[in-house]
file my_file13.pdb (PDB, C-alpha atoms)
ATOM      1  CA  MET B   1       5.358  13.442  34.938  1.00  0.00           C
ATOM      2  CA  ALA B   2       8.392  14.166  37.104  1.00  0.00           C
ATOM      3  CA  HIS B   3      10.586  12.684  34.380  1.00  0.00           C
ATOM      4  CA  LYS B   4       8.446  14.190  31.553  1.00  0.00           C
ATOM      5  CA  ILE B   5       8.026  10.886  29.714  1.00  0.00           C
ATOM      6  CA  ASP B   6       5.056  10.501  27.397  1.00  0.00           C
ATOM      7  CA  GLY B   7       3.945   7.688  25.075  1.00  0.00           C
ATOM      8  CA  SER B   8       6.301   8.738  22.284  1.00  0.00           C
ATOM      9  CA  LEU B   9       9.325   8.183  24.542  1.00  0.00           C
ATOM     10  CA  LEU B  10       8.305   4.807  26.019  1.00  0.00           C
ATOM     11  CA  PRO B  11       9.987   2.708  23.294  1.00  0.00           C
ATOM     12  CA  SER B  12      13.361   4.299  24.068  1.00  0.00           C
ATOM     13  CA  ILE B  13      13.340   3.454  27.795  1.00  0.00           C
ATOM     14  CA  GLY B  14      15.891   0.785  28.702  1.00  0.00           C
ATOM     15  CA  LYS B  15      17.490  -0.632  31.837  1.00  0.00           C
ATOM     16  CA  ALA B  16      19.759   2.378  32.350  1.00  0.00           C
ATOM     17  CA  GLU B  17      16.885   4.882  32.137  1.00  0.00           C
ATOM     18  CA  MET B  18      14.792   2.822  34.563  1.00  0.00           C
ATOM     19  CA  LYS B  19      17.644   2.765  37.097  1.00  0.00           C
ATOM     20  CA  GLU B  20      18.080   6.520  36.638  1.00  0.00           C
ATOM     21  CA  MET B  21      14.360   7.026  37.349  1.00  0.00           C
ATOM     22  CA  GLY B  22      14.730   5.069  40.590  1.00  0.00           C
ATOM     23  CA  VAL B  23      13.159   1.714  39.719  1.00  0.00           C
ATOM     24  CA  LYS B  24      15.299  -0.449  42.004  1.00  0.00           C
ATOM     25  CA  VAL B  25      13.483  -3.796  41.916  1.00  0.00           C
ATOM     26  CA  VAL B  26      14.871  -5.964  39.105  1.00  0.00           C
ATOM     27  CA  GLY B  27      11.576  -7.847  38.656  1.00  0.00           C
ATOM     28  CA  ASP B  28       9.683  -4.586  38.115  1.00  0.00           C
ATOM     29  CA  ARG B  29      12.230  -3.478  35.525  1.00  0.00           C
ATOM     30  CA  LEU B  30      12.006  -6.817  33.679  1.00  0.00           C
ATOM     31  CA  LYS B  31       8.184  -6.765  33.677  1.00  0.00           C
ATOM     32  CA  PHE B  32       8.180  -3.232  32.280  1.00  0.00           C
ATOM     33  CA  LEU B  33      10.762  -4.092  29.591  1.00  0.00           C
ATOM     34  CA  LYS B  34       8.774  -7.192  28.549  1.00  0.00           C
ATOM     35  CA  ILE B  35       5.562  -5.192  28.157  1.00  0.00           C
ATOM     36  CA  ASN B  36       7.461  -2.375  26.437  1.00  0.00           C
ATOM     37  CA  ASN B  37       8.918  -4.841  23.881  1.00  0.00           C
ATOM     38  CA  LYS B  38       5.417  -6.164  23.101  1.00  0.00           C
ATOM     39  CA  ASN B  39       4.261  -2.574  22.539  1.00  0.00           C
ATOM     40  CA  LYS B  40       7.189  -1.983  20.161  1.00  0.00           C
ATOM     41  CA  VAL B  41       6.211  -5.037  18.095  1.00  0.00           C
ATOM     42  CA  LEU B  42       2.564  -3.932  17.981  1.00  0.00           C
ATOM     43  CA  ALA B  43       3.491  -0.362  16.999  1.00  0.00           C
ATOM     44  CA  ARG B  44       5.738  -1.676  14.211  1.00  0.00           C
ATOM     45  CA  ARG B  45       2.923  -3.923  12.889  1.00  0.00           C
ATOM     46  CA  VAL B  46       0.462  -1.017  12.904  1.00  0.00           C
ATOM     47  CA  TRP B  47       2.982   1.209  11.082  1.00  0.00           C
ATOM     48  CA  ARG B  48       3.771  -1.476   8.462  1.00  0.00           C
ATOM     49  CA  ASN B  49       0.083  -2.049   7.625  1.00  0.00           C
ATOM     50  CA  LYS B  50      -1.112   1.563   7.697  1.00  0.00           C
ATOM     51  CA  VAL B  51      -2.768   2.327   4.340  1.00  0.00           C
ATOM     52  CA  ILE B  52      -1.197   5.420   2.771  1.00  0.00           C
ATOM     53  CA  TRP B  53      -3.169   5.356  -0.476  1.00  0.00           C
ATOM     54  CA  GLU B  54      -5.864   3.227  -2.085  1.00  0.00           C
ATOM     55  CA  GLY B  55      -7.377   3.562  -5.542  1.00  0.00           C
ATOM     56  CA  GLU B  56      -8.772   1.954  -8.655  1.00  0.00           C
ATOM     57  CA  GLU B  57      -7.461   1.722 -12.179  1.00  0.00           C
ATOM     58  CA  PHE B  58      -8.320   4.905 -14.093  1.00  0.00           C
ATOM     59  CA  ARG B  59     -10.377   4.296 -17.194  1.00  0.00           C
ATOM     60  CA  GLU B  60     -11.243   7.353 -19.235  1.00  0.00           C
ATOM     61  CA  GLY B  61     -14.661   7.246 -20.854  1.00  0.00           C
ATOM     62  CA  PRO B  62     -15.666   8.603 -24.265  1.00  0.00           C
ATOM     63  CA  CYS B  63     -16.349  12.287 -24.994  1.00  0.00           C
ATOM     64  CA  GLY B  64     -13.559  13.603 -22.799  1.00  0.00           C
ATOM     65  CA  ASP B  65     -14.610  11.390 -19.879  1.00  0.00           C
ATOM     66  CA  MET B  66     -18.125  12.835 -19.818  1.00  0.00           C
ATOM     67  CA  LEU B  67     -19.547   9.318 -20.207  1.00  0.00           C
ATOM     68  CA  PRO B  68     -18.506   6.270 -18.183  1.00  0.00           C
ATOM     69  CA  PHE B  69     -15.749   4.003 -19.443  1.00  0.00           C
ATOM     70  CA  GLY B  70     -17.125   1.353 -21.804  1.00  0.00           C
ATOM     71  CA  PHE B  71     -20.326   3.297 -22.536  1.00  0.00           C
ATOM     72  CA  PRO B  72     -22.818   2.074 -23.801  1.00  0.00           C
ATOM     73  CA  TYR B  73     -21.604  -1.484 -23.106  1.00  0.00           C
ATOM     74  CA  CYS B  74     -20.268  -0.954 -19.574  1.00  0.00           C
ATOM     75  CA  CYS B  75     -20.771  -4.631 -18.693  1.00  0.00           C
ATOM     76  CA  TRP B  76     -18.204  -5.652 -21.314  1.00  0.00           C
ATOM     77  CA  THR B  77     -15.394  -3.737 -19.641  1.00  0.00           C
ATOM     78  CA  GLY B  78     -15.348  -5.642 -16.344  1.00  0.00           C
ATOM     79  CA  VAL B  79     -14.347  -4.131 -13.035  1.00  0.00           C
ATOM     80  CA  PRO B  80     -11.177  -2.016 -12.692  1.00  0.00           C
ATOM     81  CA  ASP B  81      -8.043  -3.253 -10.945  1.00  0.00           C
ATOM     82  CA  LYS B  82      -7.514  -2.048  -7.367  1.00  0.00           C
ATOM     83  CA  TYR B  83      -4.288  -0.753  -5.830  1.00  0.00           C
ATOM     84  CA  LYS B  84      -3.159  -0.202  -2.241  1.00  0.00           C
ATOM     85  CA  VAL B  85       0.044   1.249  -0.752  1.00  0.00           C
ATOM     86  CA  THR B  86       1.108   0.758   2.863  1.00  0.00           C
ATOM     87  CA  ASN B  87       4.344   1.890   4.501  1.00  0.00           C
ATOM     88  CA  THR B  88       6.072  -1.306   3.362  1.00  0.00           C
ATOM     89  CA  LYS B  89       4.057  -2.856   0.519  1.00  0.00           C
ATOM     90  CA  PHE B  90       2.360  -2.093  -2.795  1.00  0.00           C
ATOM     91  CA  THR B  91      -0.532  -4.441  -3.643  1.00  0.00           C
ATOM     92  CA  ALA B  92      -2.250  -4.710  -7.015  1.00  0.00           C
ATOM     93  CA  LEU B  93      -5.456  -6.761  -7.239  1.00  0.00           C
ATOM     94  CA  MET B  94      -5.833  -7.633 -10.906  1.00  0.00           C
ATOM     95  CA  LYS B  95      -8.708  -9.446 -12.542  1.00  0.00           C
ATOM     96  CA  THR B  96      -8.238 -11.726 -15.530  1.00  0.00           C
ATOM     97  CA  TYR B  97     -11.389 -12.646 -17.407  1.00  0.00           C
ATOM     98  CA  HIS B  98     -11.760 -16.044 -19.039  1.00  0.00           C
ATOM     99  CA  GLU B  99     -13.955 -14.997 -21.909  1.00  0.00           C
ATOM    100  CA  ASP B 100     -16.044 -17.768 -23.372  1.00  0.00           C
ATOM    101  CA  GLY B 101     -18.655 -15.349 -24.616  1.00  0.00           C
ATOM    102  CA  TYR B 102     -19.297 -11.700 -25.251  1.00  0.00           C
ATOM    103  CA  PHE B 103     -19.892 -10.541 -21.679  1.00  0.00           C
ATOM    104  CA  PRO B 104     -16.840 -10.527 -19.374  1.00  0.00           C
ATOM    105  CA  CYS B 105     -19.013  -9.698 -16.381  1.00  0.00           C
ATOM    106  CA  LEU B 106     -20.852 -13.007 -16.862  1.00  0.00           C
ATOM    107  CA  THR B 107     -17.769 -15.180 -17.413  1.00  0.00           C
ATOM    108  CA  ASP B 108     -15.297 -16.651 -14.949  1.00  0.00           C
ATOM    109  CA  LYS B 109     -12.584 -14.423 -13.602  1.00  0.00           C
ATOM    110  CA  THR B 110      -9.373 -14.896 -11.628  1.00  0.00           C
ATOM    111  CA  ILE B 111      -8.302 -12.330  -9.056  1.00  0.00           C
ATOM    112  CA  GLN B 112      -4.544 -12.235  -8.538  1.00  0.00           C
ATOM    113  CA  ALA B 113      -2.837 -10.224  -5.802  1.00  0.00           C
ATOM    114  CA  ASN B 114       0.629  -8.973  -6.689  1.00  0.00           C
ATOM    115  CA  ASN B 115       2.610  -7.715  -3.683  1.00  0.00           C
ATOM    116  CA  PHE B 116       5.776  -5.664  -4.003  1.00  0.00           C
ATOM    117  CA  ASP B 117       8.097  -5.083  -1.045  1.00  0.00           C
ATOM    118  CA  LEU B 118       8.816  -1.355  -0.632  1.00  0.00           C
ATOM    119  CA  THR B 119      11.363  -1.641   2.166  1.00  0.00           C
ATOM    120  CA  THR B 120      14.268  -1.715  -0.312  1.00  0.00           C
ATOM    121  CA  VAL B 121      13.093   1.256  -2.426  1.00  0.00           C
ATOM    122  CA  ASN B 122      15.528   4.176  -2.718  1.00  0.00           C
ATOM    123  CA  ASP B 123      13.823   6.353  -5.343  1.00  0.00           C
ATOM    124  CA  VAL B 124      10.731   6.449  -7.579  1.00  0.00           C
ATOM    125  CA  ASP B 125      10.604   8.366 -10.871  1.00  0.00           C
ATOM    126  CA  TYR B 126       7.471   8.900 -12.962  1.00  0.00           C
ATOM    127  CA  SER B 127       7.039  10.043 -16.552  1.00  0.00           C
ATOM    128  CA  GLU B 128       4.025  10.359 -18.843  1.00  0.00           C
ATOM    129  CA  GLU B 129       3.786  10.518 -22.621  1.00  0.00           C
ATOM    130  CA  VAL B 130       0.610  11.530 -24.475  1.00  0.00           C
ATOM    131  CA  LEU B 131      -0.109   9.251 -27.421  1.00  0.00           C
ATOM    132  CA  GLY B 132      -2.213  10.455 -30.354  1.00  0.00           C
ATOM    133  CA  ALA B 133      -3.107  13.838 -31.774  1.00  0.00           C
ATOM    134  CA  CYS B 134      -6.822  14.149 -30.982  1.00  0.00           C
ATOM    135  CA  THR B 135      -7.555  16.356 -27.958  1.00  0.00           C
ATOM    136  CA  CYS B 136     -10.731  14.469 -27.033  1.00  0.00           C
ATOM    137  CA  CYS B 137      -9.300  10.961 -27.381  1.00  0.00           C
ATOM    138  CA  ASP B 138      -5.650  11.249 -26.320  1.00  0.00           C
ATOM    139  CA  VAL B 139      -4.343   8.397 -24.230  1.00  0.00           C
ATOM    140  CA  ALA B 140      -1.364   8.783 -21.905  1.00  0.00           C
ATOM    141  CA  ALA B 141       1.225   6.089 -21.346  1.00  0.00           C
ATOM    142  CA  SER B 142       2.802   6.192 -17.900  1.00  0.00           C
ATOM    143  CA  LYS B 143       6.179   4.815 -16.891  1.00  0.00           C
ATOM    144  CA  VAL B 144       7.387   4.289 -13.337  1.00  0.00           C
ATOM    145  CA  MET B 145      11.051   3.551 -12.590  1.00  0.00           C
ATOM    146  CA  ILE B 146      11.821   2.250  -9.110  1.00  0.00           C
ATOM    147  CA  SER B 147      15.406   2.180  -7.814  1.00  0.00           C
ATOM    148  CA  THR B 148      16.087  -0.352  -5.066  1.00  0.00           C
ATOM    149  CA  ASN B 149      19.018  -1.482  -2.960  1.00  0.00           C
ATOM    150  CA  ARG B 150      19.334  -4.414  -5.386  1.00  0.00           C
ATOM    151  CA  GLY B 151      19.230  -2.319  -8.601  1.00  0.00           C
ATOM    152  CA  GLU B 152      16.501  -1.077 -10.955  1.00  0.00           C
ATOM    153  CA  MET B 153      13.068  -2.708 -11.061  1.00  0.00           C
TER     154      MET B 153
END

call {"tool": "encode", "arguments": {"input": "my_file13.pdb", "output": "structure tokens"}}
result
Amino acid sequence: MAHKIDGSLLPSIGKAEMKEMGVKVVGDRLKFLKINNKNKVLARRVWRNKVIWEGEEFREGPCGDMLPFGFPYCCWTGVPDKYKVTNTKFTALMKTYHEDGYFPCLTDKTIQANNFDLTTVNDVDYSEEVLGACTCCDVAASKVMISTNRGEM
């Protein structure tokens, strides 16, 4: 610890810093830099894939959400879509039911993963509008505007 370097500073060590610390053998410096570059790649991969938020599609049930969505025919509603946000990507797993009968849970379904690159996002705005006049049955429509380096999405 004579140079007071901890793990957070390792990625910033280069040839000049190694010479300043007294590492004179070129081979030792090159070995360290090679290992350090591998660690940088691994740290970047871990950061990119870190899950920030995960959730399911919200489905309000009857009676002010006191009963489950689709009650009393919960099987007809199918499973909710799933969403995941990492540091660089938004993923939406959406199910499409191929209804040949009355029960979506018993019919074929297709699961489609939609991935959106978040590395170009500059700003996200959210607005919500309540539709209807009944306090127990109101439905809200949400709108998300995403500004990117390439324009609006």

call {"tool": "residues_around", "arguments": {"input": "my_file13.pdb", "residues": "Leu30 of chain B", "least_positions_apart": "3", "cutoff": "12 Å", "atoms": "only C-alpha atoms", "output": "PDB file with C-alpha atoms, in the coordinates of the input"}}
result
ATOM      1  CA  ILE B  13      13.340   3.454  27.795  1.00  0.00           C
ATOM      2  CA  GLY B  14      15.891   0.785  28.702  1.00  0.00           C
ATOM      3  CA  LYS B  15      17.490  -0.632  31.837  1.00  0.00           C
ATOM      4  CA  MET B  18      14.792   2.822  34.563  1.00  0.00           C
ATOM      5  CA  LYS B  19      17.644   2.765  37.097  1.00  0.00           C
ATOM      6  CA  VAL B  23      13.159   1.714  39.719  1.00  0.00           C
ATOM      7  CA  LYS B  24      15.299  -0.449  42.004  1.00  0.00           C
ATOM      8  CA  VAL B  25      13.483  -3.796  41.916  1.00  0.00           C
ATOM      9  CA  VAL B  26      14.871  -5.964  39.105  1.00  0.00           C
ATOM     10  CA  GLY B  27      11.576  -7.847  38.656  1.00  0.00           C
ATOM     11  CA  LEU B  33      10.762  -4.092  29.591  1.00  0.00           C
ATOM     12  CA  LYS B  34       8.774  -7.192  28.549  1.00  0.00           C
ATOM     13  CA  ILE B  35       5.562  -5.192  28.157  1.00  0.00           C
ATOM     14  CA  ASN B  36       7.461  -2.375  26.437  1.00  0.00           C
ATOM     15  CA  ASN B  37       8.918  -4.841  23.881  1.00  0.00           C
TER      16      ASN B  37
END

call {"tool": "resolve_selection", "arguments": {"input": "my_file13.pdb", "expression": "the PyMOL selection byres ((chain B and resi 111) around 6)", "output": "PDB file with C-alpha atoms, keeping the file's coordinate frame"}}
result
ATOM      1  CA  MET B  94      -5.833  -7.633 -10.906  1.00  0.00           C
ATOM      2  CA  LYS B  95      -8.708  -9.446 -12.542  1.00  0.00           C
ATOM      3  CA  THR B 110      -9.373 -14.896 -11.628  1.00  0.00           C
ATOM      4  CA  GLN B 112      -4.544 -12.235  -8.538  1.00  0.00           C
TER       5      GLN B 112
END

call {"tool": "resolve_selection", "arguments": {"input": "my_file13.pdb", "expression": "the PyMOL selection byres ((chain B and resi 86) around 7)", "output": "list in words"}}
result
Arg48, Asn49, Lys50, Val51, Ile52, Lys84, Val85, Asn87, Thr88, Lys89 and Phe90 of chain B

call {"tool": "atom_distance", "arguments": {"input": "my_file13.pdb", "atom1": "atom CA of Trp47 of chain B", "atom2": "atom CA of Leu118 of chain B"}}
result
13.3 Å

call {"tool": "atom_distance", "arguments": {"input": "my_file13.pdb", "atom1": "atom CA of Glu54 of chain B", "atom2": "atom CA of Asn115 of chain B"}}
result
13.9 Å

call {"tool": "residues_around", "arguments": {"input": "my_file13.pdb", "residues": "Ser8 of chain B", "least_positions_apart": "4", "cutoff": "12 Å", "atoms": "all atoms listed in the file", "output": "list in words"}}
result
Lys4, Ser12, Ile13, Asn36, Asn39, Lys40 and Ala43 of chain B

call {"tool": "resolve_selection", "arguments": {"input": "my_file13.pdb", "expression": "the PyMOL selection byres ((chain B and resi 126) around 10)", "output": "PyMOL selection string"}}
result
chain B and resi 124-125+127-128+142-146

call {"tool": "write_last_selection", "arguments": {"input": "my_file13.pdb", "atoms": "C-alpha atoms", "output": "JSON list (two decimals), in the frame of the given file"}}
result
[["chain", "number", "residue", "atom", "x", "y", "z"],
["B", 124, "VAL", "CA", 10.73, 6.45, -7.58],
["B", 125, "ASP", "CA", 10.60, 8.37, -10.87],
["B", 127, "SER", "CA", 7.04, 10.04, -16.55],
["B", 128, "GLU", "CA", 4.03, 10.36, -18.84],
["B", 142, "SER", "CA", 2.80, 6.19, -17.90],
["B", 143, "LYS", "CA", 6.18, 4.82, -16.89],
["B", 144, "VAL", "CA", 7.39, 4.29, -13.34],
["B", 145, "MET", "CA", 11.05, 3.55, -12.59],
["B", 146, "ILE", "CA", 11.82, 2.25, -9.11]]

call {"tool": "atom_distance", "arguments": {"input": "my_file13.pdb", "atom1": "atom CA of Arg45 of chain B", "atom2": "atom CA of Ser147 of chain B"}}
result
24.9 Å

call {"tool": "residues_near_point", "arguments": {"input": "my_file13.pdb", "point": "(18.4, 3.5, -3.9)", "cutoff": "6 Å", "atoms": "only C-alpha atoms", "output": "list in words"}}
result
Val121, Asn122, Asp123, Ser147, Thr148 and Asn149 of chain B

call {"tool": "axis_aligned_box", "arguments": {"input": "my_file13.pdb", "around": "segment 6-10 of chain B", "padding_each_side": "4 Å", "output": "lines of an AutoDock Vina configuration file"}}
result
center_x = 6.6
center_y = 7.7
center_z = 24.8
size_x = 13.4
size_y = 13.7
size_z = 13.1

call {"tool": "build_atoms", "arguments": {"input": "my_file13.pdb", "residues": "segment 10-22 of chain B", "atoms": "N, CA, C and O atoms", "output": "PDB file, keeping the file's coordinate frame"}}
result
ATOM      1  N   LEU B  10       8.289   6.131  25.382  1.00  0.00           N
ATOM      2  CA  LEU B  10       8.305   4.807  26.019  1.00  0.00           C
ATOM      3  C   LEU B  10       9.187   3.796  25.295  1.00  0.00           C
ATOM      4  O   LEU B  10       9.929   3.055  25.950  1.00  0.00           O
ATOM      5  N   PRO B  11       9.153   3.722  23.956  1.00  0.00           N
ATOM      6  CA  PRO B  11       9.987   2.708  23.294  1.00  0.00           C
ATOM      7  C   PRO B  11      11.482   2.880  23.532  1.00  0.00           C
ATOM      8  O   PRO B  11      12.249   1.932  23.404  1.00  0.00           O
ATOM      9  N   SER B  12      11.924   4.069  23.893  1.00  0.00           N
ATOM     10  CA  SER B  12      13.361   4.299  24.068  1.00  0.00           C
ATOM     11  C   SER B  12      13.836   4.065  25.503  1.00  0.00           C
ATOM     12  O   SER B  12      15.025   4.204  25.788  1.00  0.00           O
ATOM     13  N   ILE B  13      12.946   3.696  26.404  1.00  0.00           N
ATOM     14  CA  ILE B  13      13.340   3.454  27.795  1.00  0.00           C
ATOM     15  C   ILE B  13      13.985   2.071  27.906  1.00  0.00           C
ATOM     16  O   ILE B  13      13.431   1.072  27.457  1.00  0.00           O
ATOM     17  N   GLY B  14      15.158   2.033  28.481  1.00  0.00           N
ATOM     18  CA  GLY B  14      15.891   0.785  28.702  1.00  0.00           C
ATOM     19  C   GLY B  14      16.234   0.625  30.171  1.00  0.00           C
ATOM     20  O   GLY B  14      15.751   1.361  31.037  1.00  0.00           O
ATOM     21  N   LYS B  15      17.105  -0.344  30.449  1.00  0.00           N
ATOM     22  CA  LYS B  15      17.490  -0.632  31.837  1.00  0.00           C
ATOM     23  C   LYS B  15      18.147   0.578  32.506  1.00  0.00           C
ATOM     24  O   LYS B  15      17.840   0.912  33.651  1.00  0.00           O
ATOM     25  N   ALA B  16      19.033   1.236  31.768  1.00  0.00           N
ATOM     26  CA  ALA B  16      19.759   2.378  32.350  1.00  0.00           C
ATOM     27  C   ALA B  16      18.803   3.503  32.725  1.00  0.00           C
ATOM     28  O   ALA B  16      18.918   4.101  33.810  1.00  0.00           O
ATOM     29  N   GLU B  17      17.844   3.796  31.853  1.00  0.00           N
ATOM     30  CA  GLU B  17      16.885   4.882  32.137  1.00  0.00           C
ATOM     31  C   GLU B  17      16.007   4.516  33.331  1.00  0.00           C
ATOM     32  O   GLU B  17      15.662   5.386  34.142  1.00  0.00           O
ATOM     33  N   MET B  18      15.635   3.237  33.437  1.00  0.00           N
ATOM     34  CA  MET B  18      14.792   2.822  34.563  1.00  0.00           C
ATOM     35  C   MET B  18      15.557   2.955  35.891  1.00  0.00           C
ATOM     36  O   MET B  18      15.000   3.382  36.893  1.00  0.00           O
ATOM     37  N   LYS B  19      16.833   2.603  35.879  1.00  0.00           N
ATOM     38  CA  LYS B  19      17.644   2.765  37.097  1.00  0.00           C
ATOM     39  C   LYS B  19      17.757   4.243  37.452  1.00  0.00           C
ATOM     40  O   LYS B  19      17.663   4.621  38.623  1.00  0.00           O
ATOM     41  N   GLU B  20      17.953   5.074  36.418  1.00  0.00           N
ATOM     42  CA  GLU B  20      18.080   6.520  36.638  1.00  0.00           C
ATOM     43  C   GLU B  20      16.789   7.108  37.213  1.00  0.00           C
ATOM     44  O   GLU B  20      16.819   8.050  37.998  1.00  0.00           O
ATOM     45  N   MET B  21      15.648   6.535  36.838  1.00  0.00           N
ATOM     46  CA  MET B  21      14.360   7.026  37.349  1.00  0.00           C
ATOM     47  C   MET B  21      14.074   6.482  38.747  1.00  0.00           C
ATOM     48  O   MET B  21      13.095   6.868  39.371  1.00  0.00           O
ATOM     49  N   GLY B  22      14.898   5.559  39.225  1.00  0.00           N
ATOM     50  CA  GLY B  22      14.730   5.069  40.590  1.00  0.00           C
ATOM     51  C   GLY B  22      13.996   3.755  40.712  1.00  0.00           C
ATOM     52  O   GLY B  22      13.591   3.378  41.814  1.00  0.00           O
TER      53      GLY B  22
END
